[in-house]
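Enquirer: Before anything else, here's the structure in question.
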Amino acid sequence: MAIEHAPEPSQFRVTLFVGPQLMEGRPFTFSCVFNVKKRSWKGGIQVEIAITQRQIDTLSADVDFTRWLAQALTDPPDEDRSSHHDRAQELFIQAVCWCKLDLALQASIAQENQCVADDTWVPEVRASVNSRRDFITSYIASELGLVPGNTTAP
């Protein structure tokens with residue numbers, strides 16, 4: 001199976017800097033920070049993407065992530081399964097934040113460090129995650145080094 005990569009607007013170079021991590025003073029809210037560089041900018045910026053646990057749970061249910069993960073983790077040895085499961089949860093949050101970042105980039109982002117709040121683009125993020133299920137599962141499978149035959153989306 002070929003791994004689908006996130007569609008990235010050609011004028012931007014994006015890398016994950018850190019995350020997911022709990023936001024200070026915001027229980028049940030996570031963030032991922034991305035370094036973003038536009039070709040026409042002299043320097044890059046950092047964009048923090050925030051998302052709540054409730055949103056993560058909804059999006060996970062939308063794409064049936066729990067079932068996909070259970071199927072994907074049938075081959076790893078029992079001693080690796082728990083750590084793979086925990087890491088997959090983190091990678092799911094990263095992938096969802098990446099989808100939200102792509103929406104921000106498409107909306108024409110300013111050249112300044114910023115945070116995209118958890119209540120920004122909620123329906124659009126949901127639509128994006130649903131349409132990019134293969135990207136999300138491919139990203140997670142690739143990061144976990146899972147066998148491609150067990151990683152197709154339900």
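Residues are named by chain letter and number: chains run A, B, ... in the order of the structure tokens, numbers start at 1 in each chain, and ligands are numbered from 1 in the order shown.
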Determine, using only C-alpha atoms, which residues of range 56-94 of chain A have any atom at most 10 Å from an atom of range 25-37 of chain A, and tabulate each with its shortest atom pair and distance in Å to one decimal place, rows ordered by chain and then rising number, as a Markdown table.
Expert:
```
| residue | atom | partner | partner_atom | distance |
| --- | --- | --- | --- | --- |
| A:Ile56 | CA | A:Phe30 | CA | 9.4 |
| A:Ile93 | CA | A:Cys32 | CA | 8.2 |
| A:Gln94 | CA | A:Cys32 | CA | 6.5 |
```
Enquirer: So that I have them on file, write out the residues from the current selection with N, CA, C and O atoms, as a PDB file, in the first residue's frame.
Expert:
```pdb
ATOM      1  N   ILE A  56     -11.451  15.286  19.767  1.00  0.00           N
ATOM      2  CA  ILE A  56     -10.664  14.102  19.409  1.00  0.00           C
ATOM      3  C   ILE A  56     -11.549  12.859  19.466  1.00  0.00           C
ATOM      4  O   ILE A  56     -11.527  12.023  18.549  1.00  0.00           O
ATOM      5  N   ILE A  93      -3.857  12.442  17.188  1.00  0.00           N
ATOM      6  CA  ILE A  93      -3.999  13.868  17.511  1.00  0.00           C
ATOM      7  C   ILE A  93      -3.120  14.707  16.583  1.00  0.00           C
ATOM      8  O   ILE A  93      -3.557  15.745  16.069  1.00  0.00           O
ATOM      9  N   GLN A  94      -1.894  14.264  16.351  1.00  0.00           N
ATOM     10  CA  GLN A  94      -1.011  14.987  15.431  1.00  0.00           C
ATOM     11  C   GLN A  94      -1.636  15.103  14.042  1.00  0.00           C
ATOM     12  O   GLN A  94      -1.633  16.176  13.436  1.00  0.00           O
TER      13      GLN A  94
END
```
Enquirer: Could you give me, as a short mmCIF file (atom, residue, chain, number, x, y, z; two decimals) with all heavy atoms, in the first residue's frame, each residue of chain A that DSSP assigns to strand (DSSP E) when run on this structure's backbone?
Expert:
```cif
data_model
loop_
_atom_site.label_atom_id
_atom_site.label_comp_id
_atom_site.auth_asym_id
_atom_site.auth_seq_id
_atom_site.Cartn_x
_atom_site.Cartn_y
_atom_site.Cartn_z
N PHE A 12 4.32 26.36 1.02
CA PHE A 12 4.64 26.18 2.44
C PHE A 12 5.50 24.94 2.67
O PHE A 12 5.31 23.91 2.03
CB PHE A 12 3.37 26.04 3.27
CG PHE A 12 2.54 27.28 3.33
CD1 PHE A 12 1.42 27.41 2.53
CD2 PHE A 12 2.87 28.33 4.18
CE1 PHE A 12 0.64 28.56 2.57
CE2 PHE A 12 2.10 29.48 4.23
CZ PHE A 12 0.98 29.59 3.42
N ARG A 13 6.42 25.05 3.61
CA ARG A 13 7.16 23.90 4.12
C ARG A 13 6.75 23.78 5.59
O ARG A 13 6.91 24.72 6.37
CB ARG A 13 8.66 24.11 3.98
CG ARG A 13 9.46 22.87 4.34
CD ARG A 13 10.95 23.07 4.15
NE ARG A 13 11.43 24.04 5.12
CZ ARG A 13 12.14 25.12 4.81
NH1 ARG A 13 12.45 25.39 3.58
NH2 ARG A 13 12.55 25.94 5.77
N VAL A 14 6.21 22.64 5.96
CA VAL A 14 5.66 22.45 7.30
C VAL A 14 6.34 21.26 7.97
O VAL A 14 6.49 20.21 7.36
CB VAL A 14 4.13 22.20 7.23
CG1 VAL A 14 3.56 21.94 8.61
CG2 VAL A 14 3.42 23.35 6.56
N THR A 15 6.74 21.46 9.23
CA THR A 15 7.25 20.34 10.03
C THR A 15 6.64 20.41 11.42
O THR A 15 6.37 21.49 11.94
CB THR A 15 8.79 20.39 10.16
OG1 THR A 15 9.19 21.64 10.68
CG2 THR A 15 9.47 20.15 8.82
N LEU A 16 6.40 19.24 11.98
CA LEU A 16 5.90 19.17 13.35
C LEU A 16 7.06 19.54 14.28
O LEU A 16 8.14 18.98 14.18
CB LEU A 16 5.40 17.76 13.67
CG LEU A 16 4.93 17.53 15.10
CD1 LEU A 16 3.66 18.32 15.40
CD2 LEU A 16 4.70 16.05 15.34
N PHE A 17 6.82 20.47 15.17
CA PHE A 17 7.83 20.89 16.13
C PHE A 17 7.69 20.11 17.43
O PHE A 17 8.64 19.52 17.93
CB PHE A 17 7.74 22.40 16.38
CG PHE A 17 8.73 22.92 17.37
CD1 PHE A 17 10.09 22.88 17.11
CD2 PHE A 17 8.31 23.45 18.57
CE1 PHE A 17 11.01 23.36 18.02
CE2 PHE A 17 9.22 23.94 19.49
CZ PHE A 17 10.56 23.89 19.21
N VAL A 18 6.47 20.10 17.99
CA VAL A 18 6.22 19.40 19.24
C VAL A 18 4.74 19.09 19.37
O VAL A 18 3.90 19.83 18.87
CB VAL A 18 6.73 20.21 20.46
CG1 VAL A 18 5.93 21.47 20.66
CG2 VAL A 18 6.73 19.38 21.73
N GLY A 19 4.45 18.00 20.05
CA GLY A 19 3.05 17.70 20.36
C GLY A 19 2.70 16.28 19.98
O GLY A 19 3.45 15.60 19.30
N PRO A 20 1.59 15.87 20.48
CA PRO A 20 0.62 16.65 21.25
C PRO A 20 1.06 16.78 22.71
O PRO A 20 1.76 15.94 23.26
CB PRO A 20 -0.66 15.83 21.16
CG PRO A 20 -0.20 14.43 21.00
CD PRO A 20 1.09 14.50 20.23
N GLN A 21 0.63 17.88 23.27
CA GLN A 21 0.90 18.15 24.68
C GLN A 21 -0.32 18.84 25.26
O GLN A 21 -1.06 19.52 24.56
CB GLN A 21 2.14 19.02 24.84
CG GLN A 21 2.04 20.34 24.11
CD GLN A 21 3.38 21.06 24.03
OE1 GLN A 21 4.41 20.51 24.37
NE2 GLN A 21 3.35 22.29 23.59
N LEU A 22 -0.54 18.64 26.55
CA LEU A 22 -1.64 19.33 27.21
C LEU A 22 -1.32 20.82 27.27
O LEU A 22 -0.19 21.21 27.54
CB LEU A 22 -1.85 18.80 28.63
CG LEU A 22 -2.64 17.50 28.73
CD1 LEU A 22 -2.59 16.96 30.16
CD2 LEU A 22 -4.08 17.70 28.31
N MET A 23 -2.33 21.64 27.03
CA MET A 23 -2.13 23.09 27.09
C MET A 23 -2.19 23.53 28.55
O MET A 23 -3.08 23.11 29.29
CB MET A 23 -3.19 23.81 26.26
CG MET A 23 -3.04 23.55 24.77
SD MET A 23 -4.22 24.49 23.78
CE MET A 23 -3.52 26.13 23.90
N ARG A 26 -5.42 24.56 30.60
CA ARG A 26 -6.56 24.14 29.78
C ARG A 26 -6.69 22.62 29.85
O ARG A 26 -6.24 21.92 28.94
CB ARG A 26 -6.39 24.57 28.32
CG ARG A 26 -6.11 26.02 28.08
CD ARG A 26 -7.29 26.87 27.69
NE ARG A 26 -8.37 26.25 26.98
CZ ARG A 26 -8.54 26.27 25.67
NH1 ARG A 26 -7.66 26.87 24.89
NH2 ARG A 26 -9.60 25.71 25.13
N PRO A 27 -7.27 22.09 30.92
CA PRO A 27 -7.40 20.64 31.02
C PRO A 27 -8.24 20.11 29.86
O PRO A 27 -9.17 20.78 29.40
CB PRO A 27 -8.09 20.42 32.36
CG PRO A 27 -8.71 21.72 32.72
CD PRO A 27 -7.91 22.79 32.02
N PHE A 28 -7.89 18.95 29.39
CA PHE A 28 -8.60 18.27 28.30
C PHE A 28 -8.44 18.99 26.97
O PHE A 28 -9.24 18.79 26.06
CB PHE A 28 -10.09 18.06 28.63
CG PHE A 28 -10.32 17.44 29.97
CD1 PHE A 28 -10.86 18.18 31.01
CD2 PHE A 28 -9.97 16.12 30.20
CE1 PHE A 28 -11.06 17.61 32.26
CE2 PHE A 28 -10.15 15.54 31.45
CZ PHE A 28 -10.70 16.29 32.48
N THR A 29 -7.43 19.83 26.84
CA THR A 29 -7.14 20.50 25.58
C THR A 29 -5.68 20.24 25.23
O THR A 29 -4.79 20.48 26.04
CB THR A 29 -7.42 22.01 25.65
OG1 THR A 29 -8.78 22.20 26.04
CG2 THR A 29 -7.18 22.68 24.31
N PHE A 30 -5.46 19.75 24.02
CA PHE A 30 -4.12 19.42 23.54
C PHE A 30 -3.71 20.40 22.46
O PHE A 30 -4.55 21.06 21.85
CB PHE A 30 -4.09 18.01 22.95
CG PHE A 30 -4.37 16.94 23.94
CD1 PHE A 30 -5.67 16.51 24.19
CD2 PHE A 30 -3.33 16.35 24.65
CE1 PHE A 30 -5.93 15.52 25.12
CE2 PHE A 30 -3.59 15.35 25.58
CZ PHE A 30 -4.89 14.95 25.81
N SER A 31 -2.40 20.45 22.22
CA SER A 31 -1.91 21.26 21.10
C SER A 31 -0.72 20.58 20.46
O SER A 31 -0.01 19.79 21.09
CB SER A 31 -1.52 22.66 21.56
OG SER A 31 -0.33 22.62 22.31
N CYS A 32 -0.56 20.89 19.20
CA CYS A 32 0.64 20.54 18.45
C CYS A 32 1.17 21.85 17.87
O CYS A 32 0.39 22.71 17.46
CB CYS A 32 0.32 19.58 17.30
SG CYS A 32 -0.14 17.92 17.82
N VAL A 33 2.48 21.98 17.87
CA VAL A 33 3.11 23.18 17.33
C VAL A 33 3.87 22.78 16.07
O VAL A 33 4.64 21.82 16.08
CB VAL A 33 4.06 23.83 18.36
CG1 VAL A 33 4.73 25.06 17.76
CG2 VAL A 33 3.31 24.17 19.64
N PHE A 34 3.61 23.54 15.01
CA PHE A 34 4.24 23.29 13.73
C PHE A 34 5.11 24.48 13.34
O PHE A 34 4.75 25.63 13.60
CB PHE A 34 3.17 23.10 12.64
CG PHE A 34 2.32 21.89 12.84
CD1 PHE A 34 1.16 21.95 13.61
CD2 PHE A 34 2.65 20.68 12.25
CE1 PHE A 34 0.36 20.84 13.80
CE2 PHE A 34 1.85 19.56 12.42
CZ PHE A 34 0.71 19.63 13.20
N ASN A 35 6.25 24.18 12.72
CA ASN A 35 7.05 25.22 12.09
C ASN A 35 6.55 25.36 10.66
O ASN A 35 6.40 24.36 9.95
CB ASN A 35 8.54 24.84 12.07
CG ASN A 35 9.16 24.89 13.43
OD1 ASN A 35 8.84 25.75 14.25
ND2 ASN A 35 10.06 23.96 13.71
N VAL A 36 6.24 26.59 10.27
CA VAL A 36 5.71 26.86 8.94
C VAL A 36 6.59 27.90 8.27
O VAL A 36 6.87 28.95 8.84
CB VAL A 36 4.25 27.38 9.03
CG1 VAL A 36 3.71 27.71 7.64
CG2 VAL A 36 3.36 26.36 9.73
N LYS A 37 7.00 27.61 7.07
CA LYS A 37 7.82 28.53 6.27
C LYS A 37 7.20 28.65 4.90
O LYS A 37 6.99 27.67 4.22
CB LYS A 37 9.25 27.99 6.18
CG LYS A 37 10.16 28.72 5.20
CD LYS A 37 10.63 30.05 5.73
CE LYS A 37 11.68 30.70 4.88
NZ LYS A 37 11.22 31.34 3.67
N LYS A 38 6.88 29.87 4.53
CA LYS A 38 6.36 30.14 3.20
C LYS A 38 7.54 30.58 2.34
O LYS A 38 8.44 31.28 2.80
CB LYS A 38 5.30 31.24 3.25
CG LYS A 38 4.56 31.44 1.97
CD LYS A 38 3.42 32.44 2.15
CE LYS A 38 2.63 32.60 0.87
NZ LYS A 38 1.50 33.53 1.05
N ILE A 45 7.50 30.71 10.94
CA ILE A 45 6.68 31.00 12.12
C ILE A 45 6.33 29.69 12.80
O ILE A 45 6.52 28.61 12.24
CB ILE A 45 5.38 31.76 11.75
CG1 ILE A 45 4.51 30.91 10.81
CG2 ILE A 45 5.70 33.11 11.15
CD1 ILE A 45 3.11 31.47 10.57
N GLN A 46 5.81 29.80 14.01
CA GLN A 46 5.28 28.64 14.71
C GLN A 46 3.78 28.82 14.84
O GLN A 46 3.31 29.90 15.22
CB GLN A 46 5.91 28.47 16.08
CG GLN A 46 7.35 28.00 15.98
CD GLN A 46 7.89 27.55 17.31
OE1 GLN A 46 7.47 27.98 18.37
NE2 GLN A 46 8.86 26.64 17.25
N VAL A 47 3.06 27.76 14.49
CA VAL A 47 1.61 27.77 14.59
C VAL A 47 1.20 26.66 15.55
O VAL A 47 1.51 25.49 15.33
CB VAL A 47 0.94 27.56 13.22
CG1 VAL A 47 -0.58 27.58 13.35
CG2 VAL A 47 1.41 28.60 12.21
N GLU A 48 0.56 27.07 16.64
CA GLU A 48 0.04 26.11 17.62
C GLU A 48 -1.40 25.81 17.25
O GLU A 48 -2.21 26.70 17.06
CB GLU A 48 0.12 26.71 19.02
CG GLU A 48 -0.37 25.77 20.10
CD GLU A 48 -0.22 26.38 21.48
OE1 GLU A 48 -0.32 27.63 21.63
OE2 GLU A 48 -0.03 25.61 22.44
N ILE A 49 -1.70 24.52 17.15
CA ILE A 49 -3.05 24.07 16.82
C ILE A 49 -3.64 23.43 18.07
O ILE A 49 -3.07 22.47 18.61
CB ILE A 49 -3.02 23.03 15.67
CG1 ILE A 49 -2.34 23.59 14.43
CG2 ILE A 49 -4.43 22.54 15.37
CD1 ILE A 49 -3.07 24.74 13.76
N ALA A 50 -4.77 23.96 18.53
CA ALA A 50 -5.41 23.45 19.75
C ALA A 50 -6.63 22.61 19.38
O ALA A 50 -7.35 22.91 18.43
CB ALA A 50 -5.83 24.62 20.63
N ILE A 51 -6.85 21.57 20.19
CA ILE A 51 -8.00 20.69 19.98
C ILE A 51 -8.39 20.07 21.32
O ILE A 51 -7.52 19.73 22.13
CB ILE A 51 -7.69 19.60 18.93
CG1 ILE A 51 -8.95 18.83 18.57
CG2 ILE A 51 -6.57 18.70 19.36
CD1 ILE A 51 -8.85 18.10 17.27
N THR A 52 -9.68 19.94 21.57
CA THR A 52 -10.14 19.40 22.84
C THR A 52 -10.26 17.88 22.78
O THR A 52 -10.38 17.29 21.70
CB THR A 52 -11.52 19.98 23.22
OG1 THR A 52 -12.49 19.53 22.27
CG2 THR A 52 -11.49 21.49 23.30
N GLN A 114 1.37 32.12 16.04
CA GLN A 114 -0.04 32.19 16.38
C GLN A 114 -0.57 30.87 16.89
O GLN A 114 0.08 29.84 16.74
CB GLN A 114 -0.86 32.65 15.17
CG GLN A 114 -0.68 31.76 13.95
CD GLN A 114 -1.16 32.45 12.70
OE1 GLN A 114 -2.34 32.45 12.44
NE2 GLN A 114 -0.23 33.04 11.94
N CYS A 115 -1.76 30.94 17.48
CA CYS A 115 -2.47 29.75 17.94
C CYS A 115 -3.83 29.72 17.24
O CYS A 115 -4.54 30.71 17.24
CB CYS A 115 -2.66 29.78 19.45
SG CYS A 115 -3.58 28.36 20.08
N VAL A 116 -4.13 28.57 16.65
CA VAL A 116 -5.46 28.36 16.08
C VAL A 116 -6.27 27.69 17.19
O VAL A 116 -5.99 26.56 17.58
CB VAL A 116 -5.41 27.50 14.81
CG1 VAL A 116 -6.81 27.26 14.26
CG2 VAL A 116 -4.50 28.14 13.76
#
```
Enquirer: Could you give me the residues within chain A that DSSP places in helix (DSSP H, G or I), as a ChimeraX atom specification?
Expert: /A:53-62,65-72,78-106,122-131,133-144,148-150
Enquirer: Could you tell me which of A:His84, A:Lys100, A:Arg132, A:Arg39 comes closest to Asp119 in chain A if we count only C-alpha atoms?
Expert: A:Lys100
Enquirer: Could you jot down the CA of Gln89 in chain A to CA of Ala104 in chain A separation for me, Å, one decimal place?
Expert: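 Between these atoms lies a distance of 23.1 Å.
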Enquirer: What is the distance, in Å and to one decimal place, between CA of Asp62 in chain A and CA of Asn130 in chain A?
Expert: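 Those two atoms sit 6.9 Å apart.
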Enquirer: Between CA of Cys97 in chain A and CA of Ser142 in chain A, what distance in Å does the model show, to one decimal?
Expert: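 It comes out at 17.3 Å.
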Enquirer: Nearest residue to Trp41 in chain A out of A:Val96, A:Ile109, A:Leu103, A:Val129, using only C-alpha atoms?
Expert: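 Nearest to Trp41 in chain A: A:Ile109.
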Enquirer: Counting only C-alpha atoms, which of A:Asp57, A:Asp64, A:Glu79, A:Glu112 gets nearest to Asp134 in chain A?
Expert: A:Asp64
